[in-house]
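Structure below is run10.cif: mmCIF, C-alpha atoms and all ligand atoms.
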data_run
#
loop_
_atom_site.group_PDB
_atom_site.id
_atom_site.type_symbol
_atom_site.label_atom_id
_atom_site.label_comp_id
_atom_site.auth_asym_id
_atom_site.auth_seq_id
_atom_site.Cartn_x
_atom_site.Cartn_y
_atom_site.Cartn_z
ATOM 1 C CA MET U 1 6.520 -16.689 -18.991
ATOM 2 C CA LYS U 2 6.991 -13.011 -19.946
ATOM 3 C CA ASP U 3 8.027 -10.495 -17.281
ATOM 4 C CA PRO U 4 4.901 -8.933 -15.784
ATOM 5 C CA LEU U 5 3.900 -5.464 -16.981
ATOM 6 C CA ILE U 6 1.057 -5.131 -14.494
ATOM 7 C CA SER U 7 1.090 -6.082 -10.864
ATOM 8 C CA VAL U 8 -2.179 -6.925 -9.134
ATOM 9 C CA VAL U 9 -1.832 -6.901 -5.366
ATOM 10 C CA MET U 10 -4.377 -7.296 -2.611
ATOM 11 C CA GLY U 11 -4.351 -7.121 1.172
ATOM 12 C CA SER U 12 -5.696 -10.642 1.702
ATOM 13 C CA ASN U 13 -6.761 -13.666 -0.279
ATOM 14 C CA SER U 14 -10.303 -12.778 0.867
ATOM 15 C CA ASP U 15 -10.107 -9.913 -1.688
ATOM 16 C CA TRP U 16 -9.818 -12.377 -4.574
ATOM 17 C CA ASP U 17 -13.605 -12.518 -5.149
ATOM 18 C CA VAL U 18 -13.350 -8.876 -6.262
ATOM 19 C CA MET U 19 -9.807 -8.702 -7.620
ATOM 20 C CA GLN U 20 -10.286 -11.695 -9.925
ATOM 21 C CA TYR U 21 -12.259 -9.311 -12.166
ATOM 22 C CA ALA U 22 -9.100 -7.279 -12.744
ATOM 23 C CA VAL U 23 -7.098 -10.397 -13.526
ATOM 24 C CA ALA U 24 -9.805 -11.656 -15.930
ATOM 25 C CA ILE U 25 -9.492 -8.452 -18.005
ATOM 26 C CA LEU U 26 -5.690 -8.706 -18.137
ATOM 27 C CA LYS U 27 -6.009 -12.325 -19.254
ATOM 28 C CA ASP U 28 -8.554 -11.349 -21.943
ATOM 29 C CA PHE U 29 -6.113 -8.782 -23.322
ATOM 30 C CA ASN U 30 -3.203 -11.192 -23.036
ATOM 31 C CA ILE U 31 -1.242 -8.743 -20.863
ATOM 32 C CA SER U 32 1.553 -10.209 -18.761
ATOM 33 C CA TYR U 33 0.741 -9.766 -15.091
ATOM 34 C CA GLU U 34 1.478 -11.053 -11.629
ATOM 35 C CA ALA U 35 -1.020 -11.365 -8.777
ATOM 36 C CA ARG U 36 -0.061 -11.607 -5.118
ATOM 37 C CA VAL U 37 -1.112 -10.866 -1.561
ATOM 38 C CA VAL U 38 0.813 -8.025 0.099
ATOM 39 C CA SER U 39 -0.379 -6.090 3.141
ATOM 40 C CA ALA U 40 0.801 -2.712 4.393
ATOM 41 C CA HIS U 41 -0.492 -3.658 7.812
ATOM 42 C CA ARG U 42 0.399 -7.318 8.077
ATOM 43 C CA THR U 43 3.546 -7.569 5.919
ATOM 44 C CA PRO U 44 4.924 -4.005 5.902
ATOM 45 C CA ASP U 45 8.515 -4.981 5.055
ATOM 46 C CA THR U 46 7.406 -7.100 2.088
ATOM 47 C CA MET U 47 5.166 -4.251 0.920
ATOM 48 C CA PHE U 48 8.071 -1.786 1.059
ATOM 49 C CA GLU U 49 10.345 -4.164 -0.842
ATOM 50 C CA PHE U 50 7.649 -4.812 -3.457
ATOM 51 C CA ALA U 51 6.969 -1.093 -3.984
ATOM 52 C CA GLU U 52 10.632 -0.106 -4.049
ATOM 53 C CA ASN U 53 11.462 -2.697 -6.707
ATOM 54 C CA ALA U 54 8.380 -2.309 -8.935
ATOM 55 C CA SER U 55 9.927 0.242 -11.288
ATOM 56 C CA LYS U 56 13.218 -1.673 -11.659
ATOM 57 C CA ARG U 57 11.220 -4.797 -12.504
ATOM 58 C CA GLY U 58 9.520 -3.010 -15.408
ATOM 59 C CA ILE U 59 6.073 -2.866 -13.801
ATOM 60 C CA GLN U 60 4.002 -0.228 -15.633
ATOM 61 C CA CYS U 61 0.995 -0.042 -13.303
ATOM 62 C CA ILE U 62 0.109 -1.459 -9.926
ATOM 63 C CA ILE U 63 -3.518 -2.385 -9.309
ATOM 64 C CA ALA U 64 -3.941 -2.537 -5.543
ATOM 65 C CA GLY U 65 -7.130 -3.754 -3.888
ATOM 66 C CA ALA U 66 -7.876 -3.682 -0.192
ATOM 67 C CA GLY U 67 -10.819 -3.520 2.173
ATOM 68 C CA GLY U 68 -11.608 -1.749 5.438
ATOM 69 C CA ALA U 69 -8.697 0.431 6.578
ATOM 70 C CA ALA U 70 -7.407 0.117 3.024
ATOM 71 C CA HIS U 71 -3.988 1.729 3.355
ATOM 72 C CA LEU U 72 -2.258 -0.633 0.932
ATOM 73 C CA PRO U 73 -2.668 1.399 -2.304
ATOM 74 C CA GLY U 74 -1.606 4.656 -0.654
ATOM 75 C CA MET U 75 1.382 3.132 1.101
ATOM 76 C CA ILE U 76 2.569 1.511 -2.125
ATOM 77 C CA ALA U 77 2.135 4.859 -3.899
ATOM 78 C CA ALA U 78 4.263 6.482 -1.188
ATOM 79 C CA LYS U 79 7.174 4.182 -2.063
ATOM 80 C CA THR U 80 7.069 4.160 -5.880
ATOM 81 C CA THR U 81 6.461 6.462 -8.829
ATOM 82 C CA VAL U 82 4.780 3.636 -10.781
ATOM 83 C CA PRO U 83 1.080 4.609 -11.184
ATOM 84 C CA VAL U 84 -1.100 2.991 -8.515
ATOM 85 C CA LEU U 85 -4.732 2.172 -9.319
ATOM 86 C CA GLY U 86 -6.702 1.590 -6.132
ATOM 87 C CA VAL U 87 -9.673 -0.750 -5.868
ATOM 88 C CA PRO U 88 -11.875 -0.481 -2.771
ATOM 89 C CA VAL U 89 -12.964 -3.975 -1.799
ATOM 90 C CA ASN U 90 -16.430 -4.412 -0.255
ATOM 91 C CA SER U 91 -16.027 -4.713 3.506
ATOM 92 C CA ARG U 92 -18.313 -6.744 5.735
ATOM 93 C CA TYR U 93 -19.633 -4.039 8.059
ATOM 94 C CA LEU U 94 -19.380 -0.768 6.130
ATOM 95 C CA LYS U 95 -19.945 -2.225 2.655
ATOM 96 C CA GLY U 96 -16.751 -0.787 1.192
ATOM 97 C CA MET U 97 -17.358 2.863 2.104
ATOM 98 C CA ASP U 98 -14.455 2.598 4.561
ATOM 99 C CA SER U 99 -12.252 1.099 1.813
ATOM 100 C CA LEU U 100 -13.279 3.791 -0.683
ATOM 101 C CA LEU U 101 -12.595 6.702 1.643
ATOM 102 C CA SER U 102 -9.297 5.196 2.827
ATOM 103 C CA ILE U 103 -8.080 4.958 -0.766
ATOM 104 C CA VAL U 104 -9.511 8.097 -2.349
ATOM 105 C CA GLN U 105 -8.611 10.696 0.281
ATOM 106 C CA MET U 106 -4.885 10.766 -0.357
ATOM 107 C CA PRO U 107 -2.886 13.826 0.674
ATOM 108 C CA LYS U 108 -1.794 16.138 -2.148
ATOM 109 C CA GLY U 109 1.427 14.905 -3.731
ATOM 110 C CA ILE U 110 0.919 11.129 -3.533
ATOM 111 C CA PRO U 111 -1.909 10.220 -5.916
ATOM 112 C CA VAL U 112 -3.800 6.954 -6.111
ATOM 113 C CA ALA U 113 -6.250 6.675 -9.032
ATOM 114 C CA THR U 114 -9.316 5.374 -7.229
ATOM 115 C CA PHE U 115 -11.996 3.188 -8.797
ATOM 116 C CA ALA U 116 -15.506 2.101 -7.812
ATOM 117 C CA ILE U 117 -16.140 -0.301 -4.941
ATOM 118 C CA GLY U 118 -16.155 -3.962 -5.902
ATOM 119 C CA GLU U 119 -15.984 -5.936 -9.116
ATOM 120 C CA ALA U 120 -16.766 -3.059 -11.523
ATOM 121 C CA GLY U 121 -13.938 -1.072 -9.951
ATOM 122 C CA ALA U 122 -11.560 -4.017 -10.281
ATOM 123 C CA ALA U 123 -12.468 -4.548 -13.949
ATOM 124 C CA ASN U 124 -12.218 -0.821 -14.702
ATOM 125 C CA ALA U 125 -8.838 -0.543 -12.983
ATOM 126 C CA ALA U 126 -7.565 -3.270 -15.301
ATOM 127 C CA LEU U 127 -9.111 -1.561 -18.349
ATOM 128 C CA PHE U 128 -7.425 1.665 -17.276
ATOM 129 C CA ALA U 129 -4.097 -0.141 -17.004
ATOM 130 C CA VAL U 130 -4.675 -1.540 -20.500
ATOM 131 C CA ALA U 131 -5.391 2.013 -21.742
ATOM 132 C CA ILE U 132 -2.095 3.229 -20.260
ATOM 133 C CA LEU U 133 -0.204 0.431 -22.040
ATOM 134 C CA ALA U 134 -2.111 1.217 -25.260
ATOM 135 C CA ASN U 135 -0.448 4.658 -25.404
ATOM 136 C CA ASN U 136 2.759 2.943 -26.479
ATOM 137 C CA ASP U 137 1.478 -0.221 -28.106
ATOM 138 C CA ASP U 138 -0.611 -0.229 -31.314
ATOM 139 C CA GLN U 139 -1.656 -3.845 -30.873
ATOM 140 C CA ILE U 140 -3.108 -3.182 -27.413
ATOM 141 C CA ARG U 141 -4.786 0.010 -28.703
ATOM 142 C CA LYS U 142 -6.515 -2.032 -31.423
ATOM 143 C CA GLN U 143 -7.586 -4.661 -28.907
ATOM 144 C CA LEU U 144 -9.066 -1.956 -26.683
ATOM 145 C CA GLY U 145 -10.942 -0.472 -29.653
ATOM 146 C CA ALA U 146 -12.326 -3.921 -30.518
ATOM 147 C CA PHE U 147 -13.385 -4.444 -26.886
ATOM 148 C CA ARG U 148 -15.331 -1.160 -26.939
ATOM 149 C CA GLU U 149 -17.010 -2.024 -30.248
ATOM 150 C CA LYS U 150 -18.061 -5.446 -29.000
ATOM 151 C CA GLN U 151 -19.453 -3.875 -25.842
ATOM 152 C CA ALA U 152 -21.379 -1.262 -27.848
ATOM 153 C CA ASP U 153 -22.818 -4.015 -30.079
ATOM 154 C CA SER U 154 -24.031 -5.992 -27.079
ATOM 155 C CA VAL U 155 -25.669 -2.886 -25.573
ATOM 156 C CA ALA U 156 -27.310 -2.073 -28.926
ATOM 157 C CA ALA U 157 -28.721 -5.613 -28.989
ATOM 158 C CA MET U 158 -30.225 -5.366 -25.488
ATOM 159 C CA GLN U 159 -33.908 -6.307 -25.300
ATOM 160 C CA LEU U 160 -36.417 -5.222 -22.680
ATOM 161 C CA PRO U 161 -39.532 -7.157 -21.647
ATOM 162 C CA GLU U 162 -42.716 -6.122 -23.531
HETATM 163 N N1 LIG E 1 -6.735 -3.156 4.099
HETATM 164 C C1 LIG E 1 -5.953 -4.199 4.292
HETATM 165 C C2 LIG E 1 -4.546 -4.216 4.333
HETATM 166 C C3 LIG E 1 -3.682 -3.034 4.084
HETATM 167 O O1 LIG E 1 -4.231 -1.960 3.707
HETATM 168 O O2 LIG E 1 -2.484 -3.166 4.237
HETATM 169 N N2 LIG E 1 -4.137 -5.458 4.594
HETATM 170 C C4 LIG E 1 -5.223 -6.238 4.675
HETATM 171 N N3 LIG E 1 -6.310 -5.479 4.512
HETATM 172 C C5 LIG E 1 -7.707 -5.879 4.375
HETATM 173 O O3 LIG E 1 -8.258 -6.542 5.438
HETATM 174 C C6 LIG E 1 -9.455 -7.157 4.953
HETATM 175 C C7 LIG E 1 -9.778 -8.370 5.746
HETATM 176 O O4 LIG E 1 -8.750 -9.325 5.565
HETATM 177 P P1 LIG E 1 -8.952 -10.838 6.080
HETATM 178 O O5 LIG E 1 -10.124 -11.399 5.320
HETATM 179 O O6 LIG E 1 -7.645 -11.553 5.754
HETATM 180 O O7 LIG E 1 -9.195 -10.749 7.558
HETATM 181 C C8 LIG E 1 -9.216 -7.421 3.467
HETATM 182 O O8 LIG E 1 -10.203 -6.776 2.673
HETATM 183 C C9 LIG E 1 -7.837 -6.854 3.230
HETATM 184 O O9 LIG E 1 -7.699 -6.157 2.003
#

Would you kindly transcribe this structure into structure tokens?
Amino acid sequence: MKDPLISVVMGSNSDWDVMQYAVAILKDFNISYEARVVSAHRTPDTMFEFAENASKRGIQCIIAGAGGAAHLPGMIAAKTTVPVLGVPVNSRYLKGMDSLLSIVQMPKGIPVATFAIGEAGAANAALFAVAILANNDDQIRKQLGAFREKQADSVAAMQLPE
């Protein structure tokens, strides 16, 4: 197994329904990744250790998903200079608006690139991570180009009811 380039973390295994869409993209592109549960609130020491070691471990991007008081992406970003891509997970009562605002409203100086709520956000975070890797990898750049072409072809072929 190759060392992971991308780390996908989430606050709880209940986030998997959304975060699996990020993992599916990384698998499609054959990018080495790891996926794990880490919580700023529930496992703060593990979260600190994870964030502090990410760069040394060769992690290029961290995709962090969380719901509700979604402090995980921001707290990871506070402890590493590895780019953090935040995915707001749909929450039961506020439908992910709480997650979105918790992730996007970072104070100046500690950025988290914030994506849409839910599965589209998770998939786009992974595509963004792939685009970052593509800057220094021709093979990945070609794969990303092919992905876009295939997507454009399927949109061009879309039919509407008469
Ligand atoms: N937002 C956070 C953090 C964190 O930010 O550290 N840790 C867990 N959670 C979120 O709590 C929600 C409910 O978790 P449970 O389903 O385990 O009760 C999840 O969406 C998780 O991301």

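Rounded to one decimal, atom CA of Thr81 of chain U and atom CA of Val38 of chain U lie 17.9 Å from each other.
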
_Between atom CA of Ser32 of chain U and atom CA of Glu119 of chain U, what distance in Å does the model show, to one decimal?_
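Separating atom CA of Ser32 of chain U from atom CA of Glu119 of chain U is a distance of 20.5 Å.
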
*So how many Å separate atom CA of Ala78 of chain U and atom CA of Asn124 of chain U, to one decimal?*
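Computed distance, atom CA of Ala78 of chain U to atom CA of Asn124 of chain U, equals 22.5 Å.
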
*asked:* With distances taken over all atoms listed in the file, which residue among U:Gly11, U:Pro107, U:Gly96, U:Pro88 lies nearest Leu72 of chain U?
replied: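 When distances to Leu72 of chain U are compared using all atoms listed in the file, the smallest one comes from U:Gly11.
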
*Which residue out of U:Asn135, U:Tyr21, U:Leu100, U:His71 has the minimum interatomic distance to Ser39 of chain U when only C-alpha atoms are used?*
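Smallest separation from Ser39 of chain U among the options: U:His71.
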
_My list of candidates is U:Ile132, U:Ile31, U:Val23, U:Ala64. Which is closest to ligand LIG 1 (chain E) when distances are computed with all atoms listed in the file?_
U:Ala64

Could the residues that lie within 10 Å of ligand LIG 1 (chain E), counting only C-alpha atoms and all ligand atoms, be listed as a short mmCIF file (atom, residue, chain, number, x, y, z; two decimals) with C-alpha atoms, in the frame of the given file?
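What ended up in out35.cif:
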data_model
loop_
_atom_site.label_atom_id
_atom_site.label_comp_id
_atom_site.auth_asym_id
_atom_site.auth_seq_id
_atom_site.Cartn_x
_atom_site.Cartn_y
_atom_site.Cartn_z
CA VAL U 9 -1.83 -6.90 -5.37
CA MET U 10 -4.38 -7.30 -2.61
CA GLY U 11 -4.35 -7.12 1.17
CA SER U 12 -5.70 -10.64 1.70
CA ASN U 13 -6.76 -13.67 -0.28
CA SER U 14 -10.30 -12.78 0.87
CA ASP U 15 -10.11 -9.91 -1.69
CA TRP U 16 -9.82 -12.38 -4.57
CA VAL U 18 -13.35 -8.88 -6.26
CA VAL U 37 -1.11 -10.87 -1.56
CA VAL U 38 0.81 -8.02 0.10
CA SER U 39 -0.38 -6.09 3.14
CA ALA U 40 0.80 -2.71 4.39
CA HIS U 41 -0.49 -3.66 7.81
CA ARG U 42 0.40 -7.32 8.08
CA THR U 43 3.55 -7.57 5.92
CA PRO U 44 4.92 -4.00 5.90
CA MET U 47 5.17 -4.25 0.92
CA ALA U 64 -3.94 -2.54 -5.54
CA GLY U 65 -7.13 -3.75 -3.89
CA ALA U 66 -7.88 -3.68 -0.19
CA GLY U 67 -10.82 -3.52 2.17
CA GLY U 68 -11.61 -1.75 5.44
CA ALA U 69 -8.70 0.43 6.58
CA ALA U 70 -7.41 0.12 3.02
CA HIS U 71 -3.99 1.73 3.36
CA LEU U 72 -2.26 -0.63 0.93
CA PRO U 73 -2.67 1.40 -2.30
CA GLY U 74 -1.61 4.66 -0.65
CA MET U 75 1.38 3.13 1.10
CA ILE U 76 2.57 1.51 -2.12
CA VAL U 87 -9.67 -0.75 -5.87
CA PRO U 88 -11.88 -0.48 -2.77
CA VAL U 89 -12.96 -3.98 -1.80
CA ASN U 90 -16.43 -4.41 -0.26
CA SER U 91 -16.03 -4.71 3.51
CA ARG U 92 -18.31 -6.74 5.74
CA GLY U 96 -16.75 -0.79 1.19
CA ASP U 98 -14.46 2.60 4.56
CA SER U 99 -12.25 1.10 1.81
CA SER U 102 -9.30 5.20 2.83
CA ILE U 103 -8.08 4.96 -0.77
#

*Evaluating the PyMOL selection byres (((chain U and resi 3) around 9) and not hetatm) on the displayed file yields which residues, as a PyMOL selection string?*
chain U and resi 1-2+4-5+32-34+57-59

Residue subset to file, keeping C-alpha atoms, as a tab-separated table (two decimals), in the coordinates of the input:
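This is the output file part12.tsv:
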chain	number	residue	atom	x	y	z
U	1	MET	CA	6.52	-16.69	-18.99
U	2	LYS	CA	6.99	-13.01	-19.95
U	4	PRO	CA	4.90	-8.93	-15.78
U	5	LEU	CA	3.90	-5.46	-16.98
U	32	SER	CA	1.55	-10.21	-18.76
U	33	TYR	CA	0.74	-9.77	-15.09
U	34	GLU	CA	1.48	-11.05	-11.63
U	57	ARG	CA	11.22	-4.80	-12.50
U	58	GLY	CA	9.52	-3.01	-15.41
U	59	ILE	CA	6.07	-2.87	-13.80

_Between U:Ala126, U:Leu101, U:Val82, U:Met106, which residue has the minimum interatomic distance to Ile63 of chain U, considering all atoms listed in the file?_
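Selected residue with least distance to Ile63 of chain U: U:Ala126.
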
*Closest to Asn136 of chain U among U:Ile110, U:Glu149, U:Gln60, U:Leu94, using only C-alpha atoms?*
U:Gln60

*Name every residue that the PyMOL selection byres (((chain U and resi 113) around 6) and not hetatm) selects in this structure, writing the answer as a PyMOL selection string with chains first and numbers rising.*
chain U and resi 85-86+112+114

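Residue membership of the PyMOL selection byres (((chain U and resi 62) around 6) and not hetatm) in the shown file amounts to Ile6, Ser7, Val8, Cys61, Ile63 and Val84 of chain U.
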
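With distances restricted to all atoms listed in the file, U:Leu127 is the closest residue to Gly145 of chain U from U:Leu127, U:Pro161, U:Ser55, U:Thr80.
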
Centre and edges of the segment 43-47 of chain U box, axis-aligned, 4 Å extra per side, as AutoDock Vina command-line options:
--center_x 6.0 --center_y -5.8 --center_z 3.4 --size_x 13.0 --size_y 11.6 --size_z 13.0

*Neighbours of point (-5.6, -2.7, -27.3) within 12 Å, using only C-alpha atoms, written as a list in words*: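 The residues that fall inside the cut-off are Ile25, Leu26, Asp28, Phe29, Asn30, Ile31, Leu127, Phe128, Ala129, Val130, Ala131, Ile132, Leu133, Ala134, Asn135, Asn136, Asp137, Asp138, Gln139, Ile140, Arg141, Lys142, Gln143, Leu144, Gly145, Ala146, Phe147, Arg148 and Glu149 of chain U.
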